[in-house]
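Enquirer: Below you'll find the structure I mean.
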Amino acid sequence: MKSLKCLIIFFLFFTISTAVTAAQLSGTVTNVSNLDVTIKVDGGLVPVKGDTLEIFFTLPDGESLSIGTWVITQVTGNIAQASVKENTGNPVTGQRAVISSENPSAMSVPGKKEDVASASFSTGSVYDQSGGIEQIISQLRSSNPIQKRDGAKIAYRIFYGDASIAAIAAEELEKGYMINHRDRHHVDAMAWLCNILGASNNKEYRPFLKKVYKNTKSDKINDYAKKNYKLLK
């Protein structure tokens with residue numbers, strides 16, 4: 001009898017703890033390659049490798065039909081890669097995805113070196129849609145201020161709000177906001193990096209941008225850091 005009570009207590013504890021940690025996350029299909037998909041996940045929680053997701057086709061009357069199940073294979077920032085498990089239809093970009101995650105994690109705070117170092121920009125990901133994401137990343141990290149400025153402009157316009165691009169921008173801004181203030185190209189590049197952070201919609205960049213505008217000796221960097229700091233209210 002005592003053993004039965006223990007089993008019941010354990011079952012209730014397991015059920016409650018599972019209910020607390022389990023979550024349904026939403027996202028959008030941004031790329032399809034041989035039935036494998038790239039999903040941009042909404043919100044601050046992200047799935048982990050091994051989680052499953054369903055993709056839905058919306059009928060003209062508004063009803064949604066599942067077209068299959070996929071398994072998460074990789075997560076970088078708010079971008080998840082998934083391989084098909086079983087499907088009754090072919091996914092297309094723009095379709096809604098619902099992810100079942102037993103242990104979702106908070107999205108890594110972009111800007112930390114370990115996050116940037118672990119970011120993967122593999123072939124077939126959403127980034128390849130631009131036809132040159134590797135070049136943009138190379139430009140953002142370039143020691144040439146004109147290259148860095150131009151890369152930041154492109155990144156801001158094409159990858160507006162992208163968490164992984166923002167991580168690289170934060171790293172480069174940290175390196176450069178206190179130096180080379182007489183080089184207008186360098187200053188322009190720093191200003192565009194501030195814009196990328198302001199577009200990230202990540203409030204955790206506020207303290208960093210505040211540090212930038214309070215400490216930089218450049219009026220332009222000060223203005224752009226302060227403007228984007230205010231955007232992240």
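Starting from 1 in every chain, residues are counted up; chains themselves are A, B, ... following the order of the structure tokens, and ligands are numbered from 1 as listed.
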Got a sec: who's within 12 Å of Lys175 in chain A, counting only C-alpha atoms, leaving out chain neighbours fewer than 5 positions off, as a PyMOL selection string?

Expert: chain A and resi 111+113+140-143+168-170+180+186+189-190+193+212+216

Enquirer: List the spatial neighbours of Ala166 in chain A as a PyMOL selection string - criterion: any atom at most 10 Å away, only C-alpha atoms, same-chain residues fewer than 4 positions off excluded.

Expert: chain A and resi 77+109-111+116+155-156+159-162+170-172+193-202+205

Enquirer: Dump N, CA, C and O atoms for the selected residues as a CSV table (one decimal), in the first residue's frame?

Expert:
chain,number,residue,atom,x,y,z
A,77,GLY,N,20.3,31.1,-32.0
A,77,GLY,CA,19.5,32.3,-31.7
A,77,GLY,C,18.0,31.9,-31.8
A,77,GLY,O,17.6,31.0,-31.1
A,109,VAL,N,21.4,35.3,-24.9
A,109,VAL,CA,21.6,36.8,-25.0
A,109,VAL,C,22.6,37.1,-26.1
A,109,VAL,O,23.8,36.8,-25.9
A,110,PRO,N,22.3,37.7,-27.2
A,110,PRO,CA,23.3,38.0,-28.2
A,110,PRO,C,24.2,39.0,-27.7
A,110,PRO,O,23.9,39.8,-26.8
A,111,GLY,N,25.5,39.0,-28.2
A,111,GLY,CA,26.5,39.9,-27.8
A,111,GLY,C,27.5,39.3,-27.0
A,111,GLY,O,28.6,39.8,-26.8
A,116,VAL,N,28.3,34.2,-30.0
A,116,VAL,CA,28.8,34.5,-31.3
A,116,VAL,C,29.6,33.3,-31.8
A,116,VAL,O,29.5,32.9,-33.0
A,155,ALA,N,23.3,44.3,-43.6
A,155,ALA,CA,22.7,43.5,-42.5
A,155,ALA,C,21.5,44.1,-41.9
A,155,ALA,O,20.5,43.4,-41.6
A,156,TYR,N,21.5,45.4,-41.7
A,156,TYR,CA,20.4,46.1,-41.1
A,156,TYR,C,19.1,46.0,-42.0
A,156,TYR,O,18.0,45.8,-41.5
A,159,PHE,N,18.5,41.7,-42.8
A,159,PHE,CA,18.3,40.8,-41.6
A,159,PHE,C,17.8,41.6,-40.4
A,159,PHE,O,18.3,41.4,-39.3
A,160,TYR,N,16.9,42.5,-40.7
A,160,TYR,CA,16.3,43.4,-39.7
A,160,TYR,C,15.8,42.6,-38.5
A,160,TYR,O,14.9,41.7,-38.7
A,161,GLY,N,16.3,42.8,-37.3
A,161,GLY,CA,15.8,42.1,-36.1
A,161,GLY,C,16.4,40.7,-35.9
A,161,GLY,O,16.0,40.0,-35.0
A,162,ASP,N,17.3,40.3,-36.7
A,162,ASP,CA,17.9,38.9,-36.6
A,162,ASP,C,18.8,38.8,-35.4
A,162,ASP,O,19.7,39.6,-35.3
A,170,ALA,N,27.0,43.5,-31.9
A,170,ALA,CA,27.4,43.9,-30.5
A,170,ALA,C,28.8,43.7,-30.3
A,170,ALA,O,29.5,44.5,-29.6
A,171,GLU,N,29.3,42.6,-30.8
A,171,GLU,CA,30.7,42.2,-30.6
A,171,GLU,C,31.6,43.3,-31.2
A,171,GLU,O,32.6,43.8,-30.7
A,172,GLU,N,31.3,43.7,-32.5
A,172,GLU,CA,32.1,44.6,-33.2
A,172,GLU,C,32.0,46.0,-32.7
A,172,GLU,O,32.9,46.8,-32.7
A,193,LEU,N,26.0,49.8,-36.7
A,193,LEU,CA,26.0,48.7,-35.7
A,193,LEU,C,25.0,49.0,-34.6
A,193,LEU,O,24.3,48.1,-34.1
A,194,CYS,N,25.0,50.3,-34.2
A,194,CYS,CA,23.9,50.7,-33.2
A,194,CYS,C,22.5,50.5,-33.7
A,194,CYS,O,21.6,50.0,-33.0
A,195,ASN,N,22.3,50.8,-35.0
A,195,ASN,CA,21.0,50.6,-35.6
A,195,ASN,C,20.6,49.1,-35.6
A,195,ASN,O,19.4,48.8,-35.4
A,196,ILE,N,21.6,48.2,-35.9
A,196,ILE,CA,21.3,46.8,-35.8
A,196,ILE,C,20.8,46.4,-34.5
A,196,ILE,O,19.8,45.6,-34.3
A,197,LEU,N,21.4,46.9,-33.4
A,197,LEU,CA,21.0,46.5,-32.1
A,197,LEU,C,19.7,47.1,-31.7
A,197,LEU,O,18.9,46.4,-31.1
A,198,GLY,N,19.4,48.3,-32.2
A,198,GLY,CA,18.1,48.9,-32.0
A,198,GLY,C,17.0,48.1,-32.6
A,198,GLY,O,15.8,48.1,-32.1
A,199,ALA,N,17.3,47.5,-33.8
A,199,ALA,CA,16.3,46.7,-34.5
A,199,ALA,C,16.1,45.3,-33.9
A,199,ALA,O,15.2,44.6,-34.4
A,200,SER,N,17.0,44.9,-33.0
A,200,SER,CA,16.9,43.6,-32.5
A,200,SER,C,15.7,43.3,-31.6
A,200,SER,O,15.4,42.1,-31.4
A,201,ASN,N,15.1,44.3,-31.1
A,201,ASN,CA,14.0,44.2,-30.2
A,201,ASN,C,14.3,43.4,-28.9
A,201,ASN,O,13.5,42.8,-28.2
A,202,ASN,N,15.6,43.4,-28.6
A,202,ASN,CA,16.1,42.8,-27.4
A,202,ASN,C,16.5,43.8,-26.3
A,202,ASN,O,17.5,44.5,-26.4
A,205,TYR,N,20.0,44.7,-24.6
A,205,TYR,CA,21.0,45.5,-25.2
A,205,TYR,C,21.0,46.9,-24.6
A,205,TYR,O,22.0,47.7,-24.9

Enquirer: When you count only C-alpha atoms, which of these residues is closest to Val37 in chain A: A:Lys227, A:Gly50, A:Lys148, A:Ala80?

Expert: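 Closest to Val37 in chain A of all the choices is A:Ala80.
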
Enquirer: Kindly give the distance, in Å, that separates CA of Tyr224 in chain A and CA of Trp192 in chain A, rounded to a single decimal.

Expert: 8.0 Å

Enquirer: Find the spatial neighbours of Tyr229 in chain A, counting only C-alpha atoms, within a cut-off of 7 Å - ignore same-chain residues fewer than 2 positions away - and output them as a PyMOL selection string.

Expert: chain A and resi 198+206+209-210+225-227+231-232

Enquirer: Find the spatial neighbours of Ser66 in chain A, counting only C-alpha atoms, within a cut-off of 7 Å - ignore same-chain residues fewer than 3 positions away - and output them as JSON, numbers by chain.

Expert: {"A": [54, 55, 56, 57]}

Enquirer: What parts of range 72-209 of chain A does DSSP call strand (DSSP E)? I'd like the answer as an MDAnalysis selection string.

Expert: chainID A and resid 72:76 79:87 96:101 105:106

Enquirer: Filtering to all heavy atoms, could you give me those residues as a compact mmCIF listing (two decimals), in the first residue's frame?

Expert:
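Writing the result to out.txt gives the following:
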# COMPACT_ATOMS: atom_id res chain seq x y z
N ILE A 72 13.54 19.01 -34.67
CA ILE A 72 14.57 20.05 -34.59
C ILE A 72 15.95 19.41 -34.57
O ILE A 72 16.24 18.52 -33.77
CB ILE A 72 14.39 20.90 -33.32
CG1 ILE A 72 13.00 21.55 -33.27
CG2 ILE A 72 15.49 21.96 -33.22
CD1 ILE A 72 12.76 22.62 -34.29
N THR A 73 16.83 19.89 -35.44
CA THR A 73 18.19 19.36 -35.51
C THR A 73 19.24 20.37 -35.04
O THR A 73 20.35 19.99 -34.68
CB THR A 73 18.54 18.94 -36.95
OG1 THR A 73 18.37 20.07 -37.83
CG2 THR A 73 17.64 17.80 -37.41
N GLN A 74 18.88 21.65 -35.06
CA GLN A 74 19.85 22.69 -34.68
C GLN A 74 19.10 23.97 -34.34
O GLN A 74 18.10 24.30 -34.98
CB GLN A 74 20.83 22.95 -35.82
CG GLN A 74 21.88 24.01 -35.54
CD GLN A 74 22.82 24.21 -36.73
OE1 GLN A 74 23.12 23.27 -37.46
NE2 GLN A 74 23.29 25.42 -36.91
N VAL A 75 19.59 24.69 -33.34
CA VAL A 75 19.00 25.98 -32.96
C VAL A 75 20.12 26.99 -32.80
O VAL A 75 21.09 26.76 -32.07
CB VAL A 75 18.20 25.88 -31.64
CG1 VAL A 75 17.59 27.24 -31.29
CG2 VAL A 75 17.10 24.83 -31.75
N THR A 76 20.00 28.12 -33.50
CA THR A 76 20.96 29.22 -33.38
C THR A 76 20.18 30.50 -33.19
O THR A 76 19.48 30.95 -34.09
CB THR A 76 21.84 29.34 -34.65
OG1 THR A 76 22.52 28.11 -34.88
CG2 THR A 76 22.86 30.46 -34.48
N ILE A 79 16.58 30.97 -34.63
CA ILE A 79 16.46 30.23 -35.88
C ILE A 79 16.65 28.74 -35.61
O ILE A 79 17.66 28.33 -35.03
CB ILE A 79 17.49 30.70 -36.92
CG1 ILE A 79 17.35 32.20 -37.19
CG2 ILE A 79 17.35 29.91 -38.22
CD1 ILE A 79 16.02 32.62 -37.76
N ALA A 80 15.66 27.94 -36.02
CA ALA A 80 15.72 26.49 -35.81
C ALA A 80 15.73 25.76 -37.15
O ALA A 80 14.99 26.13 -38.07
CB ALA A 80 14.53 26.02 -34.98
N GLN A 81 16.58 24.75 -37.25
CA GLN A 81 16.61 23.87 -38.42
C GLN A 81 15.88 22.58 -38.04
O GLN A 81 16.01 22.10 -36.91
CB GLN A 81 18.05 23.55 -38.83
CG GLN A 81 18.96 24.75 -38.95
CD GLN A 81 18.66 25.59 -40.17
OE1 GLN A 81 18.11 25.09 -41.14
NE2 GLN A 81 19.02 26.85 -40.13
N ALA A 82 15.13 22.00 -38.98
CA ALA A 82 14.38 20.78 -38.68
C ALA A 82 14.34 19.86 -39.89
O ALA A 82 14.25 20.31 -41.03
CB ALA A 82 12.96 21.12 -38.23
N SER A 83 14.41 18.56 -39.61
CA SER A 83 14.33 17.53 -40.66
C SER A 83 12.97 16.87 -40.61
O SER A 83 12.39 16.67 -39.54
CB SER A 83 15.42 16.48 -40.45
OG SER A 83 16.70 17.04 -40.61
N VAL A 84 12.48 16.50 -41.78
CA VAL A 84 11.15 15.91 -41.87
C VAL A 84 11.12 14.53 -41.21
O VAL A 84 12.05 13.74 -41.33
CB VAL A 84 10.68 15.82 -43.34
CG1 VAL A 84 11.57 14.87 -44.14
CG2 VAL A 84 9.22 15.41 -43.42
N LYS A 85 10.04 14.27 -40.47
CA LYS A 85 9.81 12.96 -39.87
C LYS A 85 8.75 12.22 -40.65
O LYS A 85 8.93 11.08 -41.06
CB LYS A 85 9.38 13.13 -38.41
CG LYS A 85 9.17 11.81 -37.67
CD LYS A 85 8.80 12.06 -36.21
CE LYS A 85 8.62 10.75 -35.47
NZ LYS A 85 8.22 10.99 -34.05
N GLU A 86 7.62 12.87 -40.87
CA GLU A 86 6.57 12.33 -41.72
C GLU A 86 5.74 13.50 -42.24
O GLU A 86 5.54 14.48 -41.53
CB GLU A 86 5.68 11.35 -40.95
CG GLU A 86 5.09 11.90 -39.67
CD GLU A 86 4.30 10.84 -38.91
OE1 GLU A 86 4.35 9.67 -39.32
OE2 GLU A 86 3.64 11.20 -37.93
N ASN A 87 5.30 13.41 -43.48
CA ASN A 87 4.54 14.53 -44.03
C ASN A 87 3.49 14.05 -45.02
O ASN A 87 3.63 13.01 -45.65
CB ASN A 87 5.48 15.53 -44.71
CG ASN A 87 6.12 14.97 -45.97
OD1 ASN A 87 6.81 13.95 -45.91
ND2 ASN A 87 5.91 15.64 -47.09
N ARG A 96 2.77 28.53 -41.01
CA ARG A 96 2.88 28.57 -39.55
C ARG A 96 3.42 27.25 -39.02
O ARG A 96 3.05 26.18 -39.49
CB ARG A 96 1.50 28.86 -38.94
CG ARG A 96 1.48 28.96 -37.42
CD ARG A 96 0.12 29.44 -36.94
NE ARG A 96 -0.93 28.47 -37.25
CZ ARG A 96 -1.33 27.53 -36.40
NH1 ARG A 96 -0.77 27.42 -35.21
NH2 ARG A 96 -2.31 26.70 -36.74
N ALA A 97 4.29 27.35 -38.01
CA ALA A 97 4.83 26.16 -37.36
C ALA A 97 4.52 26.22 -35.87
O ALA A 97 4.59 27.29 -35.25
CB ALA A 97 6.34 26.09 -37.56
N VAL A 98 4.15 25.08 -35.32
CA VAL A 98 3.91 24.97 -33.88
C VAL A 98 4.87 23.93 -33.33
O VAL A 98 4.88 22.78 -33.77
CB VAL A 98 2.45 24.57 -33.57
CG1 VAL A 98 2.27 24.35 -32.07
CG2 VAL A 98 1.49 25.63 -34.07
N ILE A 99 5.70 24.35 -32.38
CA ILE A 99 6.75 23.49 -31.83
C ILE A 99 6.36 23.02 -30.44
O ILE A 99 5.97 23.83 -29.59
CB ILE A 99 8.08 24.26 -31.75
CG1 ILE A 99 8.45 24.83 -33.13
CG2 ILE A 99 9.20 23.37 -31.22
CD1 ILE A 99 9.52 25.90 -33.08
N SER A 100 6.45 21.72 -30.21
CA SER A 100 6.21 21.16 -28.88
C SER A 100 7.55 20.94 -28.21
O SER A 100 8.38 20.16 -28.69
CB SER A 100 5.46 19.82 -28.99
OG SER A 100 4.19 20.01 -29.58
N SER A 101 7.77 21.67 -27.11
CA SER A 101 9.06 21.59 -26.42
C SER A 101 8.85 21.29 -24.95
O SER A 101 8.19 22.05 -24.24
CB SER A 101 9.83 22.91 -26.58
OG SER A 101 11.09 22.83 -25.97
N SER A 105 14.25 26.63 -23.83
CA SER A 105 15.26 27.45 -23.15
C SER A 105 15.09 28.90 -23.56
O SER A 105 14.52 29.21 -24.61
CB SER A 105 16.66 26.96 -23.51
OG SER A 105 16.89 27.08 -24.91
N ALA A 106 15.57 29.78 -22.69
CA ALA A 106 15.56 31.20 -23.04
C ALA A 106 16.57 31.42 -24.16
O ALA A 106 17.64 30.81 -24.17
CB ALA A 106 15.92 32.04 -21.83
